[in-house]
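Step one of this worksheet: look at the structure below.
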Amino acid sequence: MEQKNEQNHPLVHLVDDDPSCLESTTRLLQLYGYRIRGFRSPVEFLKSLPADSVGCVVTDLRMPEMDGLTLQRRLEEKNSLLSVIFLTAYGTIPTSVAAMRSGAVDFLTKDAPLDHLVRAIERALKHSARSLERATANRRNRRRLQRLTPREHQVLALVAKGRLNKQIAAELGIHERTVKLHRSSGMRKMETDSVAELSVVWHQLEESGLVSSADDFSFPKGQ
């Protein structure tokens, strides 16, 4: 068995109303170096969950207060960065399909080999880490975007699309020198040093819905 020795390994949250299963799974996963938090109910788990938690949730399906699919929906409603793995003795094809369609990393039965669960946890932790990176980038880019004036926003949107200064000037009805001023000021506010870097950031903004891929460029001519 390959053990993990990283002291700062991300948290794995176990949610299972069966105390014996919760205890045995905790002990087995701790042998792999995972930090474990165990919960007897989804309600208890949700009450203790910080908004910015990263890691993964390994949850049972059938539980008295709230089932695993409902827990998965609640996490999605909270925009949680936690990835979800189902570990159940009562899996069916419809429930497994529903779980996977809602973004579960895996759907395993409790008699599955331990290494299957460990591999699923590794995928889930990587997925959660990527989600954190995207969320961090979105917050950073949102702050940058809010610094822009409406005209700087328009100019940078066109720069990110590959337009030249003279093309932007013609499209917006302003002088090319004015375009250069807005472009320089806007790129400074967006903390980008090149068109290539700006294009990457603008694509991230489009993917996150913070800007439209077809910005409205209506604006009083000459401003």
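The chains in the structure tokens are called A, B, ... from first to last as shown; in each chain the residues are counted from 1, and the ligands are counted from 1 in the order shown.
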
Please return, as a list in words, all residues of segment 34-207 of chain A that DSSP assigns to strand (DSSP E) on the basis of the backbone.
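Of segment 34-207 of chain A, only Arg35, Ile36, Arg37, Gly38, Phe39, Cys56, Val57, Val58, Thr59, Ser83, Val84, Ile85, Phe86, Leu87, Thr88, Asp106, Phe107, Leu108 and Thr109 of chain A fall in strand (DSSP E).
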
Test item: residues at most 6 Å from segment 152-161 of chain A, only C-alpha atoms, excluding those fewer than 2 positions along its chain, as a PyMOL selection string
chain A and resi 148-150+163+182+186+199

Polymer residues at most 9 Å from Asn138 of chain A, only C-alpha atoms, same-chain spacing of 5 or more positions, as a list of chain:residue names:
A:Glu133, A:Arg143, A:Gln204, A:Leu205, A:Ser208, A:Leu210

Atoms to include: N, CA and C atoms. Write the selected residues as a PDB file, in the first residue's frame.
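Heads up, here's the output in result25.pdb:
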ATOM      1  N   GLU A 133      -8.717  27.391  -8.114  1.00  0.00           N
ATOM      2  CA  GLU A 133      -7.927  28.256  -8.992  1.00  0.00           C
ATOM      3  C   GLU A 133      -8.844  29.131  -9.848  1.00  0.00           C
ATOM      4  N   ARG A 143     -12.345  42.128  -9.728  1.00  0.00           N
ATOM      5  CA  ARG A 143     -11.836  43.360  -9.128  1.00  0.00           C
ATOM      6  C   ARG A 143     -11.171  44.239 -10.183  1.00  0.00           C
ATOM      7  N   GLN A 204     -11.155  34.346 -19.809  1.00  0.00           N
ATOM      8  CA  GLN A 204     -11.590  33.893 -18.489  1.00  0.00           C
ATOM      9  C   GLN A 204     -12.830  34.658 -18.042  1.00  0.00           C
ATOM     10  N   LEU A 205     -12.851  35.949 -18.307  1.00  0.00           N
ATOM     11  CA  LEU A 205     -14.007  36.765 -17.951  1.00  0.00           C
ATOM     12  C   LEU A 205     -15.254  36.327 -18.716  1.00  0.00           C
ATOM     13  N   SER A 208     -16.569  33.001 -17.314  1.00  0.00           N
ATOM     14  CA  SER A 208     -17.221  33.156 -16.016  1.00  0.00           C
ATOM     15  C   SER A 208     -18.478  34.011 -16.098  1.00  0.00           C
ATOM     16  N   LEU A 210     -18.641  37.227 -16.695  1.00  0.00           N
ATOM     17  CA  LEU A 210     -18.441  38.599 -16.228  1.00  0.00           C
ATOM     18  C   LEU A 210     -18.458  39.604 -17.366  1.00  0.00           C
TER      19      LEU A 210
END

What is the atom CA of Leu145 of chain A to atom CA of His203 of chain A distance in Å?
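So the two atoms, atom CA of Leu145 of chain A and atom CA of His203 of chain A, lie 12.7 Å apart.
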
So, counting only C-alpha atoms, which residue among A:Leu75, A:Arg142, A:Leu69, A:Ala169 is closest to Val97 of chain A?
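With only C-alpha atoms as the atom set, the closest residue is A:Leu69.
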
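Ranking A:Val54, A:Leu114, A:Ala135, A:Leu125 by their shortest atom-to-atom distance to Leu31 of chain A, with only C-alpha atoms included, puts A:Leu114 first.
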
For Ser83 of chain A, which residue among A:Ala98, A:Val57, A:Leu108, A:Ile168 is the nearest when counting only C-alpha atoms?
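Answer, going by the shortest atom-to-atom distance: A:Val57.
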
Between atom CA of Ser24 of chain A and atom CA of Gly38 of chain A, what is the distance, to one decimal in Å?
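These atoms are spaced 10.9 Å apart.
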
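Each of A:Val211, A:Val201, A:Val118, A:Leu46 was checked against Ile85 of chain A using only C-alpha atoms; the smallest atom-to-atom distance is that of A:Val118.
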
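Straight-line separation from atom CA of Glu171 of chain A to atom CA of Val195 of chain A: 18.7 Å.
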
Alpha helix (DSSP H) residues, from DSSP on the backbone, in segment 12-106 of chain A, as an MDAnalysis selection string
chainID A and resid 19:30 42:47 68:77 93:101

Hey, what's within 7 Å of Ile36 of chain A if we count only C-alpha atoms and toss same-chain stuff fewer than 3 positions away? As a list in words, please?
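Once the adjacent positions are removed, what remains is Leu11, Val12, His13, Thr26 and Gln30 of chain A.
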
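Nearest to Glu23 of chain A of all the residues A:Ser53, A:Val105, A:Leu82, A:Phe39 is A:Phe39, based on only C-alpha atoms.
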